[in-house]
Structures are given as structure tokens and as C-alpha cells.
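What follows is the content of upload-v7.txt, which has compact mmCIF, N, CA and C atoms and all ligand atoms:
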```txt
# COMPACT_ATOMS: atom_id res chain seq x y z
N MET A 222 73.10 -22.04 5.19
CA MET A 222 73.06 -23.13 6.16
C MET A 222 74.17 -22.97 7.21
N LEU A 223 75.33 -22.57 6.74
CA LEU A 223 76.45 -22.35 7.66
C LEU A 223 76.10 -21.23 8.64
N ARG A 224 75.45 -20.19 8.09
CA ARG A 224 75.08 -19.06 8.94
C ARG A 224 74.11 -19.52 10.04
N GLY A 225 73.16 -20.35 9.67
CA GLY A 225 72.20 -20.88 10.65
C GLY A 225 72.91 -21.63 11.76
N LEU A 226 73.90 -22.40 11.40
CA LEU A 226 74.64 -23.20 12.37
C LEU A 226 75.39 -22.28 13.34
N LEU A 227 76.01 -21.24 12.80
CA LEU A 227 76.77 -20.30 13.64
C LEU A 227 75.85 -19.61 14.64
N ILE A 228 74.68 -19.16 14.17
CA ILE A 228 73.73 -18.49 15.07
C ILE A 228 73.29 -19.47 16.16
N GLY A 229 73.04 -20.71 15.73
CA GLY A 229 72.65 -21.74 16.70
C GLY A 229 73.70 -21.90 17.79
N LEU A 230 74.97 -21.93 17.40
CA LEU A 230 76.06 -22.09 18.36
C LEU A 230 76.12 -20.90 19.31
N LEU A 231 75.92 -19.70 18.77
CA LEU A 231 75.95 -18.50 19.60
C LEU A 231 74.86 -18.56 20.67
N VAL A 232 73.66 -18.98 20.26
CA VAL A 232 72.54 -19.04 21.20
C VAL A 232 72.85 -20.04 22.31
N VAL A 233 73.37 -21.20 21.94
CA VAL A 233 73.70 -22.22 22.93
C VAL A 233 74.77 -21.69 23.89
N GLY A 234 75.78 -21.02 23.30
CA GLY A 234 76.87 -20.50 24.12
C GLY A 234 76.37 -19.48 25.13
N THR A 235 75.48 -18.61 24.71
CA THR A 235 74.97 -17.57 25.60
C THR A 235 74.16 -18.19 26.74
N PHE A 236 73.38 -19.19 26.39
CA PHE A 236 72.55 -19.85 27.39
C PHE A 236 73.43 -20.49 28.48
N ALA A 237 74.47 -21.19 28.03
CA ALA A 237 75.36 -21.87 28.98
C ALA A 237 76.02 -20.85 29.91
N CYS A 238 76.39 -19.70 29.36
CA CYS A 238 77.06 -18.67 30.12
C CYS A 238 76.13 -18.11 31.21
N ASP A 239 74.88 -17.84 30.84
CA ASP A 239 73.90 -17.33 31.80
C ASP A 239 73.74 -18.28 32.97
N LYS A 240 73.65 -19.55 32.64
CA LYS A 240 73.46 -20.58 33.67
C LYS A 240 74.62 -20.55 34.67
N GLY A 241 75.84 -20.44 34.10
CA GLY A 241 77.02 -20.45 34.96
C GLY A 241 77.03 -19.27 35.92
N ASP A 242 76.69 -18.10 35.42
CA ASP A 242 76.68 -16.90 36.26
C ASP A 242 75.66 -17.01 37.39
N LYS A 243 74.53 -17.59 37.04
CA LYS A 243 73.46 -17.73 38.03
C LYS A 243 73.94 -18.61 39.19
N GLY A 244 74.57 -19.74 38.84
CA GLY A 244 75.05 -20.67 39.86
C GLY A 244 76.07 -20.00 40.77
N LYS A 245 76.91 -19.18 40.19
CA LYS A 245 77.95 -18.48 40.94
C LYS A 245 77.33 -17.54 41.98
N LYS A 246 76.33 -16.81 41.57
CA LYS A 246 75.68 -15.84 42.45
C LYS A 246 75.05 -16.53 43.66
N GLU A 247 74.40 -17.65 43.39
CA GLU A 247 73.69 -18.34 44.46
C GLU A 247 74.63 -18.85 45.55
N SER A 248 75.85 -19.28 45.14
CA SER A 248 76.75 -19.88 46.12
C SER A 248 77.52 -18.81 46.90
N LYS A 249 77.45 -17.57 46.48
CA LYS A 249 78.21 -16.51 47.15
C LYS A 249 77.36 -15.89 48.26
N GLU A 250 77.66 -16.28 49.47
CA GLU A 250 76.88 -15.74 50.59
C GLU A 250 77.47 -14.40 51.03
N ALA A 251 76.63 -13.65 51.72
CA ALA A 251 77.11 -12.39 52.28
C ALA A 251 78.11 -12.69 53.39
N PRO A 252 79.17 -11.88 53.50
CA PRO A 252 80.15 -12.13 54.55
C PRO A 252 79.53 -11.99 55.94
N VAL A 253 80.05 -12.79 56.86
CA VAL A 253 79.51 -12.81 58.21
C VAL A 253 80.44 -12.03 59.13
N THR A 254 79.88 -11.14 59.92
CA THR A 254 80.66 -10.50 60.96
C THR A 254 80.28 -11.18 62.26
N ALA A 255 80.94 -12.30 62.52
CA ALA A 255 80.55 -13.14 63.65
C ALA A 255 81.65 -13.13 64.70
N GLY A 256 81.40 -13.81 65.79
CA GLY A 256 82.42 -14.04 66.80
C GLY A 256 82.35 -13.06 67.94
N LYS A 257 83.30 -13.24 68.86
CA LYS A 257 83.30 -12.49 70.11
C LYS A 257 84.65 -11.83 70.29
N VAL A 258 84.66 -10.54 70.59
CA VAL A 258 85.92 -9.82 70.81
C VAL A 258 86.38 -10.06 72.24
N GLU A 259 87.61 -10.56 72.39
CA GLU A 259 88.18 -10.84 73.71
C GLU A 259 88.80 -9.56 74.29
N ALA A 260 89.26 -9.68 75.54
CA ALA A 260 89.84 -8.52 76.23
C ALA A 260 91.07 -7.98 75.49
N ASP A 261 91.80 -8.86 74.78
CA ASP A 261 93.00 -8.41 74.06
C ASP A 261 92.67 -7.79 72.70
N GLY A 262 91.37 -7.65 72.38
CA GLY A 262 90.97 -7.01 71.13
C GLY A 262 90.91 -7.95 69.95
N VAL A 263 91.25 -9.22 70.18
CA VAL A 263 91.20 -10.21 69.09
C VAL A 263 89.80 -10.81 69.04
N ARG A 264 89.23 -10.83 67.85
CA ARG A 264 87.90 -11.43 67.69
C ARG A 264 88.04 -12.91 67.36
N ARG A 265 87.41 -13.73 68.17
CA ARG A 265 87.47 -15.19 67.95
C ARG A 265 86.23 -15.64 67.19
N ILE A 266 86.45 -16.39 66.13
CA ILE A 266 85.34 -16.86 65.29
C ILE A 266 85.45 -18.37 65.12
N ASP A 267 84.39 -19.06 65.50
CA ASP A 267 84.36 -20.51 65.30
C ASP A 267 84.04 -20.82 63.85
N VAL A 268 84.87 -21.68 63.23
CA VAL A 268 84.63 -22.10 61.84
C VAL A 268 84.55 -23.63 61.83
N THR A 269 83.42 -24.13 61.38
CA THR A 269 83.25 -25.58 61.28
C THR A 269 83.70 -26.05 59.90
N ALA A 270 84.44 -27.18 59.88
CA ALA A 270 84.87 -27.78 58.61
C ALA A 270 84.23 -29.16 58.51
N ASN A 271 83.39 -29.33 57.48
CA ASN A 271 82.76 -30.64 57.30
C ASN A 271 82.54 -30.92 55.81
N GLN A 272 81.64 -31.83 55.48
CA GLN A 272 81.43 -32.23 54.08
C GLN A 272 80.91 -31.11 53.22
N ASP A 273 80.40 -30.04 53.83
CA ASP A 273 79.92 -28.89 53.07
C ASP A 273 80.97 -27.80 52.96
N GLY A 274 82.16 -28.06 53.47
CA GLY A 274 83.20 -27.04 53.43
C GLY A 274 83.27 -26.30 54.76
N TYR A 275 83.48 -24.98 54.69
CA TYR A 275 83.67 -24.18 55.90
C TYR A 275 82.43 -23.35 56.19
N THR A 276 82.07 -23.28 57.47
CA THR A 276 80.93 -22.47 57.89
C THR A 276 81.34 -21.62 59.08
N PRO A 277 81.32 -20.30 59.02
CA PRO A 277 81.05 -19.51 57.80
C PRO A 277 82.22 -19.59 56.82
N ASP A 278 81.95 -19.34 55.55
CA ASP A 278 83.04 -19.36 54.56
C ASP A 278 83.36 -17.97 54.03
N ARG A 279 82.61 -16.96 54.45
CA ARG A 279 82.98 -15.56 54.14
C ARG A 279 82.89 -14.76 55.43
N ILE A 280 84.04 -14.27 55.87
CA ILE A 280 84.12 -13.60 57.17
C ILE A 280 84.56 -12.16 56.96
N ALA A 281 83.74 -11.25 57.44
CA ALA A 281 84.04 -9.84 57.25
C ALA A 281 84.78 -9.28 58.46
N GLY A 282 85.68 -8.33 58.22
CA GLY A 282 86.37 -7.66 59.31
C GLY A 282 86.84 -6.29 58.89
N LYS A 283 87.18 -5.47 59.90
CA LYS A 283 87.72 -4.13 59.59
C LYS A 283 89.17 -4.28 59.16
N PRO A 284 89.63 -3.41 58.24
CA PRO A 284 91.04 -3.48 57.83
C PRO A 284 91.97 -3.43 59.04
N GLY A 285 92.90 -4.36 59.11
CA GLY A 285 93.87 -4.41 60.20
C GLY A 285 93.36 -5.09 61.46
N GLU A 286 92.09 -5.47 61.48
CA GLU A 286 91.54 -6.13 62.67
C GLU A 286 92.18 -7.50 62.86
N LYS A 287 92.46 -7.84 64.11
CA LYS A 287 93.06 -9.15 64.39
C LYS A 287 91.96 -10.16 64.70
N LEU A 288 92.02 -11.28 63.98
CA LEU A 288 91.04 -12.34 64.16
C LEU A 288 91.75 -13.61 64.62
N MET A 289 91.02 -14.41 65.37
CA MET A 289 91.50 -15.76 65.67
C MET A 289 90.43 -16.71 65.16
N LEU A 290 90.74 -17.38 64.05
CA LEU A 290 89.79 -18.36 63.52
C LEU A 290 90.00 -19.66 64.28
N VAL A 291 88.91 -20.18 64.83
CA VAL A 291 89.00 -21.43 65.59
C VAL A 291 88.33 -22.52 64.76
N PHE A 292 89.16 -23.26 64.02
CA PHE A 292 88.65 -24.29 63.11
C PHE A 292 88.35 -25.56 63.89
N LYS A 293 87.20 -26.16 63.59
CA LYS A 293 86.90 -27.48 64.14
C LYS A 293 86.36 -28.36 63.03
N ARG A 294 87.05 -29.49 62.82
CA ARG A 294 86.61 -30.43 61.78
C ARG A 294 85.68 -31.45 62.41
N THR A 295 84.51 -31.63 61.81
CA THR A 295 83.51 -32.54 62.37
C THR A 295 83.15 -33.63 61.37
N PHE A 296 83.94 -33.78 60.31
CA PHE A 296 83.64 -34.78 59.29
C PHE A 296 84.92 -35.53 58.96
N ASP A 297 84.82 -36.87 58.91
CA ASP A 297 86.01 -37.68 58.72
C ASP A 297 86.30 -37.88 57.23
N ALA A 298 87.12 -37.01 56.68
CA ALA A 298 87.53 -37.13 55.29
C ALA A 298 88.90 -36.51 55.13
N GLU A 299 89.75 -37.18 54.34
CA GLU A 299 91.11 -36.71 54.13
C GLU A 299 91.12 -35.30 53.55
N CYS A 300 90.18 -35.08 52.67
CA CYS A 300 90.10 -33.82 51.94
C CYS A 300 90.15 -32.61 52.88
N ILE A 301 89.36 -32.67 53.94
CA ILE A 301 89.21 -31.49 54.78
C ILE A 301 90.12 -31.57 56.02
N ALA A 302 90.93 -32.64 56.08
CA ALA A 302 91.79 -32.86 57.25
C ALA A 302 93.00 -31.94 57.27
N GLN A 303 93.25 -31.25 56.15
CA GLN A 303 94.35 -30.29 56.12
C GLN A 303 93.79 -28.93 55.74
N LEU A 304 94.45 -27.92 56.27
CA LEU A 304 94.00 -26.56 56.02
C LEU A 304 95.18 -25.72 55.51
N LYS A 305 94.93 -25.00 54.41
CA LYS A 305 95.91 -24.00 53.96
C LYS A 305 95.48 -22.68 54.55
N THR A 306 96.30 -22.15 55.45
CA THR A 306 95.92 -20.94 56.16
C THR A 306 96.12 -19.72 55.25
N PRO A 307 95.54 -18.57 55.65
CA PRO A 307 95.68 -17.37 54.80
C PRO A 307 97.13 -16.97 54.56
N ASP A 308 98.05 -17.30 55.49
CA ASP A 308 99.45 -16.94 55.26
C ASP A 308 100.24 -18.08 54.60
N GLY A 309 99.53 -19.06 54.05
CA GLY A 309 100.18 -20.05 53.19
C GLY A 309 100.73 -21.28 53.89
N LYS A 310 100.49 -21.41 55.20
CA LYS A 310 100.94 -22.61 55.90
C LYS A 310 99.92 -23.73 55.71
N VAL A 311 100.39 -24.97 55.82
CA VAL A 311 99.47 -26.11 55.79
C VAL A 311 99.47 -26.73 57.18
N VAL A 312 98.29 -26.77 57.80
CA VAL A 312 98.18 -27.33 59.15
C VAL A 312 97.16 -28.48 59.12
N ASP A 313 97.34 -29.41 60.07
CA ASP A 313 96.39 -30.51 60.20
C ASP A 313 95.21 -30.07 61.04
N LEU A 314 94.03 -30.54 60.66
CA LEU A 314 92.83 -30.34 61.48
C LEU A 314 92.39 -31.69 62.01
N PRO A 315 92.73 -32.00 63.27
CA PRO A 315 92.27 -33.27 63.83
C PRO A 315 90.76 -33.22 64.05
N MET A 316 90.12 -34.38 64.07
CA MET A 316 88.68 -34.44 64.29
C MET A 316 88.30 -33.84 65.64
N ASN A 317 87.33 -32.94 65.63
CA ASN A 317 86.71 -32.40 66.84
C ASN A 317 87.67 -31.71 67.80
N LYS A 318 88.86 -31.33 67.32
CA LYS A 318 89.78 -30.59 68.18
C LYS A 318 89.98 -29.21 67.59
N PRO A 319 89.63 -28.18 68.35
CA PRO A 319 89.77 -26.82 67.81
C PRO A 319 91.23 -26.48 67.48
N VAL A 320 91.44 -25.88 66.34
CA VAL A 320 92.77 -25.43 65.93
C VAL A 320 92.68 -23.92 65.67
N GLU A 321 93.53 -23.16 66.36
CA GLU A 321 93.48 -21.71 66.24
C GLU A 321 94.40 -21.22 65.14
N VAL A 322 93.89 -20.34 64.30
CA VAL A 322 94.69 -19.74 63.22
C VAL A 322 94.50 -18.23 63.31
N ALA A 323 95.59 -17.52 63.58
CA ALA A 323 95.53 -16.06 63.68
C ALA A 323 95.57 -15.44 62.29
N VAL A 324 94.72 -14.45 62.08
CA VAL A 324 94.65 -13.76 60.79
C VAL A 324 94.48 -12.27 61.05
N THR A 325 95.18 -11.44 60.27
CA THR A 325 94.91 -10.00 60.29
C THR A 325 94.16 -9.65 59.02
N VAL A 326 93.04 -8.97 59.18
CA VAL A 326 92.22 -8.58 58.01
C VAL A 326 93.06 -7.63 57.14
N PRO A 327 93.09 -7.89 55.82
CA PRO A 327 93.89 -7.01 54.94
C PRO A 327 93.32 -5.60 54.87
N GLN A 328 94.14 -4.66 54.41
CA GLN A 328 93.70 -3.25 54.30
C GLN A 328 92.59 -3.10 53.28
N SER A 329 92.62 -3.95 52.26
CA SER A 329 91.53 -3.97 51.29
C SER A 329 91.50 -5.33 50.65
N GLY A 330 90.41 -5.65 50.00
CA GLY A 330 90.31 -6.90 49.26
C GLY A 330 90.03 -8.09 50.15
N GLU A 331 90.57 -9.23 49.77
CA GLU A 331 90.23 -10.48 50.42
C GLU A 331 91.47 -11.32 50.68
N LEU A 332 91.36 -12.22 51.67
CA LEU A 332 92.37 -13.22 51.95
C LEU A 332 91.68 -14.57 51.91
N GLY A 333 92.36 -15.58 51.42
CA GLY A 333 91.70 -16.87 51.32
C GLY A 333 92.32 -17.94 52.19
N PHE A 334 91.51 -18.93 52.55
CA PHE A 334 92.03 -20.18 53.10
C PHE A 334 91.33 -21.31 52.36
N ALA A 335 91.88 -22.52 52.47
CA ALA A 335 91.34 -23.62 51.67
C ALA A 335 91.68 -24.94 52.30
N CYS A 336 91.04 -25.99 51.85
CA CYS A 336 91.41 -27.34 52.27
C CYS A 336 92.70 -27.72 51.55
N GLY A 337 93.29 -28.84 51.97
CA GLY A 337 94.59 -29.26 51.44
C GLY A 337 94.61 -29.41 49.93
N MET A 338 93.45 -29.69 49.33
CA MET A 338 93.40 -29.91 47.89
C MET A 338 92.71 -28.76 47.16
N ASP A 339 92.48 -27.67 47.85
CA ASP A 339 91.87 -26.48 47.23
C ASP A 339 90.45 -26.72 46.71
N MET A 340 89.75 -27.68 47.28
CA MET A 340 88.38 -27.92 46.84
C MET A 340 87.41 -27.03 47.61
N PHE A 341 87.63 -26.94 48.92
CA PHE A 341 86.78 -26.07 49.73
C PHE A 341 87.57 -24.81 50.04
N LYS A 342 86.87 -23.68 49.98
CA LYS A 342 87.55 -22.41 50.18
C LYS A 342 86.80 -21.52 51.15
N GLY A 343 87.53 -20.67 51.80
CA GLY A 343 86.93 -19.66 52.65
C GLY A 343 87.63 -18.35 52.41
N THR A 344 86.97 -17.25 52.79
CA THR A 344 87.48 -15.92 52.47
C THR A 344 87.33 -14.98 53.64
N ILE A 345 88.37 -14.18 53.87
CA ILE A 345 88.30 -13.07 54.82
C ILE A 345 88.14 -11.81 53.98
N VAL A 346 87.10 -11.03 54.26
CA VAL A 346 86.79 -9.88 53.43
C VAL A 346 87.00 -8.60 54.24
N ALA A 347 87.80 -7.68 53.70
CA ALA A 347 87.99 -6.38 54.37
C ALA A 347 86.79 -5.50 54.10
N GLN A 348 86.21 -4.98 55.17
CA GLN A 348 85.05 -4.09 55.04
C GLN A 348 85.30 -2.82 55.84
N PRO A 349 85.75 -1.76 55.14
CA PRO A 349 86.13 -0.52 55.82
C PRO A 349 85.02 0.06 56.69
N ASN A 350 83.76 -0.10 56.28
CA ASN A 350 82.68 0.51 57.06
C ASN A 350 81.88 -0.52 57.82
N GLY A 351 82.44 -1.72 58.02
CA GLY A 351 81.64 -2.79 58.62
C GLY A 351 82.00 -3.13 60.00
CU CU A 401 89.72 -30.93 49.85
```

Give the structure from the file, written as C-alpha cells.
Ligand SMILES: [Cu+2]
Amino acid sequence: MLRGLLIGLLVVGTFACDKGDKGKKESKEAPVTAGKVEADGVRRIDVTANQDGYTPDRIAGKPGEKLMLVFKRTFDAECIAQLKTPDGKVVDLPMNKPVEVAVTVPQSGELGFACGMDMFKGTIVAQPNG
């Protein structure tokens, strides 16, 4: 009887794990190579901050590329009113006023930004061939 219970627990545990992985995959969008390169070589990318978080929330760039993220908050909530920038500063995002945040794409891997409470997150992804 004990053995039956243990097997039952294993089956339940595996099922729960599968479900979690599936949810994770669905929420991970492909990185976006968006924006417009200015005369100074800096690519400007508009990022909207609202009740759904950041759009786009995965931004691809070449290693060492200079980006200017132009954040605009369009939703009135304390949560998203502050931004933790990729270099660790906390800045205010006033409603409907663009706020520029300069970022250099890392040589490899990812850089993150987040709302003041770390609930919403965004990522800069280094893509050597992108
Ligand atoms: Cu938040």
C-alpha cells in the first residue's frame, strides 16, 4: 500500500512539472530586432509599459551594439511607474512621457530590466549573428 502511494505521488509530481514547463515555453517570445538606427549609430527602440508589462520584452542586438530604449508608460499603476534599468538604476516612468535609457548589448548572454517590484521583466539578448 505504501508503494502504491509513492508511485501515485511520483505521477502527480511529474504531471505538475510538465505543466509548468509548458507554461514557461508559451510566455517566452522570440527576441525582437526592432527600432531605427540613427545617424550616430544608436538604435532607438520604443518600449511600451502597461498592465501587460513591457512590449517588446525581449530585444535582440549585436554584441556591443548601442541601444536607446525609449520607455513610455501608458497604464496608471504604481507597479510599473518605476523602472530598474539594465545597469541597476531605478528611474521613474511618468505617464505618457518617453524616458530614454541607454543600453549596450552584452558580448554574450542577456541583460535584464524590470519594474520597481520585479514583477514585470524585460531582456536584452546578445545575438552574434543577428
Ligand atoms: Cu511591478

Exercise. Just how far from atom C of A:Asp267 is atom N of A:Gly337, in Å to one decimal?
Worked result: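 Spanning atom N of A:Gly337 to atom C of A:Asp267 is a straight-line distance of 17.1 Å.
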
For this session: Give the answer as one residue: which of A:Cys300, A:Ala281, A:Ile266, A:Leu290 has the shortest atom-to-atom distance to A:Phe341, using all atoms listed in the file?
Result: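 The closest residue to A:Phe341 is A:Cys300.
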
For this session: May I have the residues within 8 Å of ligand CU 401 (chain A), computed using all atoms listed in the file, as an MDAnalysis selection string?
Result: chainID A and resid 298:303 335:342

What's the 6.5 Å shell around stretch 321-330 of chain A, counting all atoms listed in the file, without same-chain residues fewer than 3 positions away, as an mmCIF file with N, CA and C atoms, keeping the file's coordinate frame?
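Saved file around07.cif follows:
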```cif
data_model
loop_
_atom_site.group_PDB
_atom_site.id
_atom_site.type_symbol
_atom_site.label_atom_id
_atom_site.label_comp_id
_atom_site.auth_asym_id
_atom_site.auth_seq_id
_atom_site.Cartn_x
_atom_site.Cartn_y
_atom_site.Cartn_z
ATOM 1 N N GLY A 282 85.680 -8.330 58.220
ATOM 2 C CA GLY A 282 86.370 -7.660 59.310
ATOM 3 C C GLY A 282 86.840 -6.290 58.890
ATOM 4 N N LYS A 283 87.180 -5.470 59.900
ATOM 5 C CA LYS A 283 87.720 -4.130 59.590
ATOM 6 C C LYS A 283 89.170 -4.280 59.160
ATOM 7 N N PRO A 284 89.630 -3.410 58.240
ATOM 8 C CA PRO A 284 91.040 -3.480 57.830
ATOM 9 C C PRO A 284 91.970 -3.430 59.040
ATOM 10 N N GLY A 285 92.900 -4.360 59.110
ATOM 11 C CA GLY A 285 93.870 -4.410 60.200
ATOM 12 C C GLY A 285 93.360 -5.090 61.460
ATOM 13 N N GLU A 286 92.090 -5.470 61.480
ATOM 14 C CA GLU A 286 91.540 -6.130 62.670
ATOM 15 C C GLU A 286 92.180 -7.500 62.860
ATOM 16 N N LYS A 287 92.460 -7.840 64.110
ATOM 17 C CA LYS A 287 93.060 -9.150 64.390
ATOM 18 C C LYS A 287 91.960 -10.160 64.700
ATOM 19 N N LEU A 288 92.020 -11.280 63.980
ATOM 20 C CA LEU A 288 91.040 -12.340 64.160
ATOM 21 C C LEU A 288 91.750 -13.610 64.620
ATOM 22 N N MET A 289 91.020 -14.410 65.370
ATOM 23 C CA MET A 289 91.500 -15.760 65.670
ATOM 24 C C MET A 289 90.430 -16.710 65.160
ATOM 25 N N LEU A 290 90.740 -17.380 64.050
ATOM 26 C CA LEU A 290 89.790 -18.360 63.520
ATOM 27 C C LEU A 290 90.000 -19.660 64.280
ATOM 28 N N VAL A 291 88.910 -20.180 64.830
ATOM 29 C CA VAL A 291 89.000 -21.430 65.590
ATOM 30 C C VAL A 291 88.330 -22.520 64.760
ATOM 31 N N PHE A 292 89.160 -23.260 64.020
ATOM 32 C CA PHE A 292 88.650 -24.290 63.110
ATOM 33 C C PHE A 292 88.350 -25.560 63.890
ATOM 34 N N ILE A 345 88.370 -14.180 53.870
ATOM 35 C CA ILE A 345 88.300 -13.070 54.820
ATOM 36 C C ILE A 345 88.140 -11.810 53.980
ATOM 37 N N VAL A 346 87.100 -11.030 54.260
ATOM 38 C CA VAL A 346 86.790 -9.880 53.430
ATOM 39 C C VAL A 346 87.000 -8.600 54.240
ATOM 40 N N ALA A 347 87.800 -7.680 53.700
ATOM 41 C CA ALA A 347 87.990 -6.380 54.370
ATOM 42 C C ALA A 347 86.790 -5.500 54.100
#
```

Exercise. In Å to one decimal, how far is atom CA of A:Lys257 from atom CA of A:Ile280?
Worked result: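 It comes out at 13.0 Å.
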
Problem set entry | Between atom CA of A:Pro252 and atom CA of A:Pro277 - distance in Å to one decimal |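 That distance, rounded to one decimal, is 8.1 Å.
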
For this session: Using all atoms listed in the file, pick whichever of A:Val258, A:Val253, A:Leu332, A:Val263 has the shortest atom-to-atom distance to A:Pro307.
Result: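 Using all atoms listed in the file, the shortest distance to A:Pro307 belongs to A:Leu332.
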
Exercise. Skipping near chain neighbours, those fewer than 5 positions away, what residues fall within 6 Å of A:Arg294 using all atoms listed in the file, listed as a list in words?
Worked result: Thr269, Ala270, Asn271, Leu314, Pro315, Met316, Asn317 and Lys318 of chain A

Exercise. Between A:Glu331, A:Arg265, A:Lys293, A:Gln272, which has the minimum distance to A:Thr344 (counting only N, CA and C atoms)?
Worked result: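 Among the listed residues, the smallest separation from A:Thr344 belongs to A:Glu331.
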
For this session: Counting only N, CA and C atoms, figure out which residue out of A:Thr306, A:Val311, A:Gly343, A:Thr254 gets nearest to A:Tyr275.
Result: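 For A:Tyr275, the nearest of the candidates is A:Gly343.
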
Return as lines of an AutoDock Vina configuration file the box centre and box size in Å, one decimal, for an axis-aligned box around all listed atoms of stretch 285-292 of chain A padded by 3 Å per side.
```
center_x = 91.1
center_y = -15.0
center_z = 62.4
size_x = 11.5
size_y = 27.2
size_z = 12.6
```
